[in-house]
Amino acid sequence: MKDNELVGIGLYTASEAQRLLGISASKIGRWLRGHERKGVHYDPLWTPQVNLNDGRVYLGFRDLMEVRAANQFMKAGVSPHAVRKAIVVAQEYVDVERPLSTTRFKTDGRSIFLEIAQGEEDEKLLDLFRKQYVFSKIMERSLKDVEFEGVSPSRWWIGSQKAGIVIDPQQSFGQPIEHETGIPTAVLAKAAIAEGSVANAARAWMVDRKHVQRAVNFEQSLTQRAA
């Protein structure tokens, strides 16, 4: 895959995805590469958007959003097996390879999971989705602060729009940016260290102090999450 083919897709290593999502890189690797457990082989949940042919796992922006959605379902008690089946069924409903992070799945997903649960007599899954509020809460968490273009996610405002940090695959290869300046948060945060203060960094980059402070706060939050 060439550099010009990555434009508009986004590019993240499993470690970078872990930093942004709080989901372990090893788990992301298992989902996107496939794995074996107790002699049983499990295929990848879907084919990643990015393949640099170096043996490593990479994600595009859509992969990032799909991993986030899948993780929310598993945290709510849905087994990886049920999530895997839901993806397969939903791919036919939604006609995209990464259906969990679409607005269409928000509409059809509950019936898909119920169909799977009833077919397999999975009482735990049935109980989970019989509760009217549960599915909507899971979807709310998985799609929180996400902007859509049609049915597909297009931008992710991390935390909220008010926080001013966005991930947009059309800008800076999908790295987090301070939205008013379009400068990657990592760049502004490093400038604050190199220049000795937020104020000095703001002058050096000719931006407002609040823009640098937003970036510093965001990068610090990621570091604290990883600690």
# chains A, B, ... in the order shown; residues from 1 in each chain; ligands from 1
>>> residues_around(residues="segment 206-220 of chain A", least_positions_apart="4", cutoff="10 Å", atoms="only C-alpha atoms", output="PyMOL selection string")
chain A and resi 19-20+158-159+163-165+176-193+197-202+224-226
>>> residues_around(residues="Glu140 of chain A", least_positions_apart="2", cutoff="12 Å", atoms="only C-alpha atoms", output="PDB file with N, CA, C and O atoms, in the first residue's frame")
ATOM      1  N   ARG A  68     -13.706   0.044  18.541  1.00  0.00           N
ATOM      2  CA  ARG A  68     -14.353   0.732  19.662  1.00  0.00           C
ATOM      3  C   ARG A  68     -15.761   0.190  19.902  1.00  0.00           C
ATOM      4  O   ARG A  68     -16.154  -0.072  21.049  1.00  0.00           O
ATOM      5  N   ALA A  69     -16.531   0.003  18.827  1.00  0.00           N
ATOM      6  CA  ALA A  69     -17.889  -0.511  18.954  1.00  0.00           C
ATOM      7  C   ALA A  69     -17.890  -1.954  19.451  1.00  0.00           C
ATOM      8  O   ALA A  69     -18.650  -2.310  20.361  1.00  0.00           O
ATOM      9  N   GLN A  72     -17.231  -2.183  23.146  1.00  0.00           N
ATOM     10  CA  GLN A  72     -18.356  -1.785  23.988  1.00  0.00           C
ATOM     11  C   GLN A  72     -19.345  -2.932  24.163  1.00  0.00           C
ATOM     12  O   GLN A  72     -19.882  -3.137  25.257  1.00  0.00           O
ATOM     13  N   PHE A  73     -19.592  -3.691  23.113  1.00  0.00           N
ATOM     14  CA  PHE A  73     -20.493  -4.828  23.231  1.00  0.00           C
ATOM     15  C   PHE A  73     -19.912  -5.896  24.145  1.00  0.00           C
ATOM     16  O   PHE A  73     -20.612  -6.473  24.985  1.00  0.00           O
ATOM     17  N   SER A 101     -20.060   0.002  13.552  1.00  0.00           N
ATOM     18  CA  SER A 101     -19.873   1.435  13.796  1.00  0.00           C
ATOM     19  C   SER A 101     -20.706   2.299  12.853  1.00  0.00           C
ATOM     20  O   SER A 101     -20.434   3.490  12.703  1.00  0.00           O
ATOM     21  N   THR A 102     -21.728   1.715  12.236  1.00  0.00           N
ATOM     22  CA  THR A 102     -22.581   2.474  11.326  1.00  0.00           C
ATOM     23  C   THR A 102     -23.895   2.856  12.002  1.00  0.00           C
ATOM     24  O   THR A 102     -24.337   2.203  12.947  1.00  0.00           O
ATOM     25  N   THR A 103     -24.530   3.895  11.506  1.00  0.00           N
ATOM     26  CA  THR A 103     -25.842   4.280  12.020  1.00  0.00           C
ATOM     27  C   THR A 103     -26.882   3.214  11.676  1.00  0.00           C
ATOM     28  O   THR A 103     -27.871   3.047  12.388  1.00  0.00           O
ATOM     29  N   PHE A 105     -26.468   0.018  11.863  1.00  0.00           N
ATOM     30  CA  PHE A 105     -26.446  -1.020  12.889  1.00  0.00           C
ATOM     31  C   PHE A 105     -27.173  -0.541  14.148  1.00  0.00           C
ATOM     32  O   PHE A 105     -27.756  -1.335  14.876  1.00  0.00           O
ATOM     33  N   LYS A 106     -27.127   0.751  14.388  1.00  0.00           N
ATOM     34  CA  LYS A 106     -27.853   1.300  15.531  1.00  0.00           C
ATOM     35  C   LYS A 106     -29.341   0.988  15.409  1.00  0.00           C
ATOM     36  O   LYS A 106     -30.033   0.754  16.405  1.00  0.00           O
ATOM     37  N   THR A 107     -29.830   0.937  14.185  1.00  0.00           N
ATOM     38  CA  THR A 107     -31.240   0.633  13.936  1.00  0.00           C
ATOM     39  C   THR A 107     -31.513  -0.867  13.933  1.00  0.00           C
ATOM     40  O   THR A 107     -32.471  -1.332  14.559  1.00  0.00           O
ATOM     41  N   TYR A 133     -33.594  -0.771  27.302  1.00  0.00           N
ATOM     42  CA  TYR A 133     -32.644   0.330  27.351  1.00  0.00           C
ATOM     43  C   TYR A 133     -31.198  -0.097  27.110  1.00  0.00           C
ATOM     44  O   TYR A 133     -30.347   0.741  26.831  1.00  0.00           O
ATOM     45  N   VAL A 134     -30.907  -1.368  27.227  1.00  0.00           N
ATOM     46  CA  VAL A 134     -29.511  -1.816  27.224  1.00  0.00           C
ATOM     47  C   VAL A 134     -28.833  -1.577  25.879  1.00  0.00           C
ATOM     48  O   VAL A 134     -27.736  -1.012  25.811  1.00  0.00           O
ATOM     49  N   PHE A 135     -29.479  -2.009  24.804  1.00  0.00           N
ATOM     50  CA  PHE A 135     -28.833  -1.885  23.496  1.00  0.00           C
ATOM     51  C   PHE A 135     -28.563  -0.428  23.148  1.00  0.00           C
ATOM     52  O   PHE A 135     -27.493  -0.081  22.654  1.00  0.00           O
ATOM     53  N   SER A 136     -29.551   0.446  23.419  1.00  0.00           N
ATOM     54  CA  SER A 136     -29.367   1.859  23.088  1.00  0.00           C
ATOM     55  C   SER A 136     -28.222   2.468  23.884  1.00  0.00           C
ATOM     56  O   SER A 136     -27.491   3.321  23.372  1.00  0.00           O
ATOM     57  N   LYS A 137     -28.035   2.026  25.128  1.00  0.00           N
ATOM     58  CA  LYS A 137     -26.930   2.550  25.942  1.00  0.00           C
ATOM     59  C   LYS A 137     -25.580   2.099  25.385  1.00  0.00           C
ATOM     60  O   LYS A 137     -24.621   2.872  25.369  1.00  0.00           O
ATOM     61  N   ILE A 138     -25.510   0.855  24.954  1.00  0.00           N
ATOM     62  CA  ILE A 138     -24.259   0.357  24.374  1.00  0.00           C
ATOM     63  C   ILE A 138     -23.932   1.132  23.101  1.00  0.00           C
ATOM     64  O   ILE A 138     -22.797   1.567  22.879  1.00  0.00           O
ATOM     65  N   SER A 142     -20.686   3.488  22.143  1.00  0.00           N
ATOM     66  CA  SER A 142     -19.793   3.122  21.033  1.00  0.00           C
ATOM     67  C   SER A 142     -19.741   4.190  19.951  1.00  0.00           C
ATOM     68  O   SER A 142     -18.751   4.290  19.226  1.00  0.00           O
ATOM     69  N   LEU A 143     -20.801   4.990  19.831  1.00  0.00           N
ATOM     70  CA  LEU A 143     -20.843   6.020  18.788  1.00  0.00           C
ATOM     71  C   LEU A 143     -20.770   7.423  19.370  1.00  0.00           C
ATOM     72  O   LEU A 143     -21.010   8.408  18.661  1.00  0.00           O
ATOM     73  N   LYS A 144     -20.435   7.509  20.633  1.00  0.00           N
ATOM     74  CA  LYS A 144     -20.404   8.808  21.302  1.00  0.00           C
ATOM     75  C   LYS A 144     -19.429   9.758  20.591  1.00  0.00           C
ATOM     76  O   LYS A 144     -18.307   9.408  20.296  1.00  0.00           O
ATOM     77  N   ASP A 145     -19.913  10.978  20.339  1.00  0.00           N
ATOM     78  CA  ASP A 145     -19.087  12.038  19.773  1.00  0.00           C
ATOM     79  C   ASP A 145     -18.543  11.720  18.380  1.00  0.00           C
ATOM     80  O   ASP A 145     -17.512  12.245  17.971  1.00  0.00           O
ATOM     81  N   VAL A 146     -19.251  10.859  17.651  1.00  0.00           N
ATOM     82  CA  VAL A 146     -18.840  10.512  16.291  1.00  0.00           C
ATOM     83  C   VAL A 146     -19.740  11.229  15.293  1.00  0.00           C
ATOM     84  O   VAL A 146     -20.962  11.259  15.454  1.00  0.00           O
TER      85      VAL A 146
END
>>> select_by_dssp(residues="segment 26-137 of chain A", states="helix (DSSP H, G or I)", output="MDAnalysis selection string")
chainID A and resid 26:33 61:75 80:94 103:120 123:130 132:137
>>> residues_around(residues="segment 88-98 of chain A", least_positions_apart="4", cutoff="10 Å", atoms="only C-alpha atoms", output="list of chain:residue names")
A:Leu45, A:Trp46, A:Thr47, A:Pro48, A:Gln49, A:Arg62, A:Asp63, A:Met65, A:Glu66, A:Val67, A:Ala69, A:Ala82, A:Val83, A:Arg84, A:Thr102, A:Thr103, A:Arg104, A:Phe105, A:Asp108, A:Gly109, A:Ile112, A:Phe113, A:Glu115, A:Ile116, A:Val151, A:Ser152
>>> select_by_dssp(residues="segment 16-221 of chain A", states="strand (DSSP E)", output="list of chain:residue names")
A:His35, A:Glu36, A:Arg37, A:Val40, A:His41, A:Tyr42, A:Tyr58, A:Leu59, A:Val146, A:Glu147, A:Phe148, A:Glu149, A:Ser152, A:Pro153, A:Ser154, A:Arg155, A:Trp156, A:Trp157, A:Ile165, A:Val166, A:Ile167, A:Ile177, A:Glu178, A:Ile183, A:Pro184
>>> write_last_selection(atoms="N, CA and C atoms", output="PDB file, in the first residue's frame")
ATOM      1  N   HIS A  35      -6.433 -15.621  15.494  1.00  0.00           N
ATOM      2  CA  HIS A  35      -5.609 -16.276  16.508  1.00  0.00           C
ATOM      3  C   HIS A  35      -6.102 -17.699  16.740  1.00  0.00           C
ATOM      4  N   GLU A  36      -5.320 -18.443  17.505  1.00  0.00           N
ATOM      5  CA  GLU A  36      -5.723 -19.788  17.905  1.00  0.00           C
ATOM      6  C   GLU A  36      -5.861 -19.851  19.416  1.00  0.00           C
ATOM      7  N   ARG A  37      -6.867 -20.583  19.858  1.00  0.00           N
ATOM      8  CA  ARG A  37      -7.075 -20.765  21.288  1.00  0.00           C
ATOM      9  C   ARG A  37      -7.559 -22.186  21.540  1.00  0.00           C
ATOM     10  N   VAL A  40      -8.232 -24.217  18.544  1.00  0.00           N
ATOM     11  CA  VAL A  40      -9.260 -23.748  17.618  1.00  0.00           C
ATOM     12  C   VAL A  40      -8.781 -22.453  16.956  1.00  0.00           C
ATOM     13  N   HIS A  41      -8.881 -22.385  15.632  1.00  0.00           N
ATOM     14  CA  HIS A  41      -8.465 -21.193  14.907  1.00  0.00           C
ATOM     15  C   HIS A  41      -9.634 -20.236  14.739  1.00  0.00           C
ATOM     16  N   TYR A  42      -9.379 -18.955  15.000  1.00  0.00           N
ATOM     17  CA  TYR A  42     -10.383 -17.913  14.817  1.00  0.00           C
ATOM     18  C   TYR A  42      -9.891 -16.941  13.749  1.00  0.00           C
ATOM     19  N   TYR A  58      -2.061  -2.871  11.311  1.00  0.00           N
ATOM     20  CA  TYR A  58      -2.363  -1.447  11.212  1.00  0.00           C
ATOM     21  C   TYR A  58      -3.867  -1.269  11.099  1.00  0.00           C
ATOM     22  N   LEU A  59      -4.342  -0.125  11.544  1.00  0.00           N
ATOM     23  CA  LEU A  59      -5.750   0.185  11.460  1.00  0.00           C
ATOM     24  C   LEU A  59      -5.963   1.470  10.670  1.00  0.00           C
ATOM     25  N   VAL A 146     -19.251  10.859  17.651  1.00  0.00           N
ATOM     26  CA  VAL A 146     -18.840  10.512  16.291  1.00  0.00           C
ATOM     27  C   VAL A 146     -19.740  11.229  15.293  1.00  0.00           C
ATOM     28  N   GLU A 147     -19.129  11.832  14.286  1.00  0.00           N
ATOM     29  CA  GLU A 147     -19.878  12.432  13.180  1.00  0.00           C
ATOM     30  C   GLU A 147     -19.965  11.413  12.049  1.00  0.00           C
ATOM     31  N   PHE A 148     -21.086  11.463  11.318  1.00  0.00           N
ATOM     32  CA  PHE A 148     -21.300  10.494  10.241  1.00  0.00           C
ATOM     33  C   PHE A 148     -21.490  11.186   8.898  1.00  0.00           C
ATOM     34  N   GLU A 149     -21.046  10.467   7.880  1.00  0.00           N
ATOM     35  CA  GLU A 149     -21.313  10.865   6.501  1.00  0.00           C
ATOM     36  C   GLU A 149     -22.124   9.731   5.897  1.00  0.00           C
ATOM     37  N   SER A 152     -21.860   5.988   7.600  1.00  0.00           N
ATOM     38  CA  SER A 152     -20.516   5.644   8.063  1.00  0.00           C
ATOM     39  C   SER A 152     -19.873   6.757   8.894  1.00  0.00           C
ATOM     40  N   PRO A 153     -19.071   6.391   9.898  1.00  0.00           N
ATOM     41  CA  PRO A 153     -18.383   7.400  10.712  1.00  0.00           C
ATOM     42  C   PRO A 153     -17.354   8.162   9.893  1.00  0.00           C
ATOM     43  N   SER A 154     -17.284   9.478  10.113  1.00  0.00           N
ATOM     44  CA  SER A 154     -16.340  10.291   9.347  1.00  0.00           C
ATOM     45  C   SER A 154     -15.377  11.077  10.226  1.00  0.00           C
ATOM     46  N   ARG A 155     -15.782  11.445  11.453  1.00  0.00           N
ATOM     47  CA  ARG A 155     -14.911  12.180  12.376  1.00  0.00           C
ATOM     48  C   ARG A 155     -15.255  11.753  13.794  1.00  0.00           C
ATOM     49  N   TRP A 156     -14.261  11.793  14.654  1.00  0.00           N
ATOM     50  CA  TRP A 156     -14.459  11.452  16.061  1.00  0.00           C
ATOM     51  C   TRP A 156     -13.969  12.611  16.925  1.00  0.00           C
ATOM     52  N   TRP A 157     -14.913  13.265  17.608  1.00  0.00           N
ATOM     53  CA  TRP A 157     -14.573  14.308  18.568  1.00  0.00           C
ATOM     54  C   TRP A 157     -14.285  13.635  19.900  1.00  0.00           C
ATOM     55  N   ILE A 165     -10.768  18.545  20.360  1.00  0.00           N
ATOM     56  CA  ILE A 165      -9.816  17.597  19.775  1.00  0.00           C
ATOM     57  C   ILE A 165     -10.592  16.638  18.879  1.00  0.00           C
ATOM     58  N   VAL A 166     -10.140  16.500  17.630  1.00  0.00           N
ATOM     59  CA  VAL A 166     -10.863  15.660  16.688  1.00  0.00           C
ATOM     60  C   VAL A 166      -9.908  14.737  15.940  1.00  0.00           C
ATOM     61  N   ILE A 167     -10.416  13.565  15.602  1.00  0.00           N
ATOM     62  CA  ILE A 167      -9.704  12.654  14.707  1.00  0.00           C
ATOM     63  C   ILE A 167     -10.494  12.603  13.410  1.00  0.00           C
ATOM     64  N   ILE A 177      -5.986  16.035  16.204  1.00  0.00           N
ATOM     65  CA  ILE A 177      -5.590  17.419  15.943  1.00  0.00           C
ATOM     66  C   ILE A 177      -6.401  18.376  16.803  1.00  0.00           C
ATOM     67  N   GLU A 178      -5.821  19.544  17.048  1.00  0.00           N
ATOM     68  CA  GLU A 178      -6.562  20.636  17.680  1.00  0.00           C
ATOM     69  C   GLU A 178      -7.398  21.244  16.549  1.00  0.00           C
ATOM     70  N   ILE A 183      -3.548  21.517  13.782  1.00  0.00           N
ATOM     71  CA  ILE A 183      -2.200  21.026  14.126  1.00  0.00           C
ATOM     72  C   ILE A 183      -2.324  19.787  15.011  1.00  0.00           C
ATOM     73  N   PRO A 184      -1.562  18.731  14.729  1.00  0.00           N
ATOM     74  CA  PRO A 184      -1.617  17.537  15.576  1.00  0.00           C
ATOM     75  C   PRO A 184      -1.325  17.873  17.038  1.00  0.00           C
TER      76      PRO A 184
END
>>> atom_distance(atom1="atom CA of Leu6 of chain A", atom2="atom CA of Val50 of chain A")
7.7 Å
>>> closest_residue(among="A:Ser24, A:Gln175, A:Ser79, A:Ser111", to="Ile9 of chain A", atoms="only C-alpha atoms")
A:Gln175
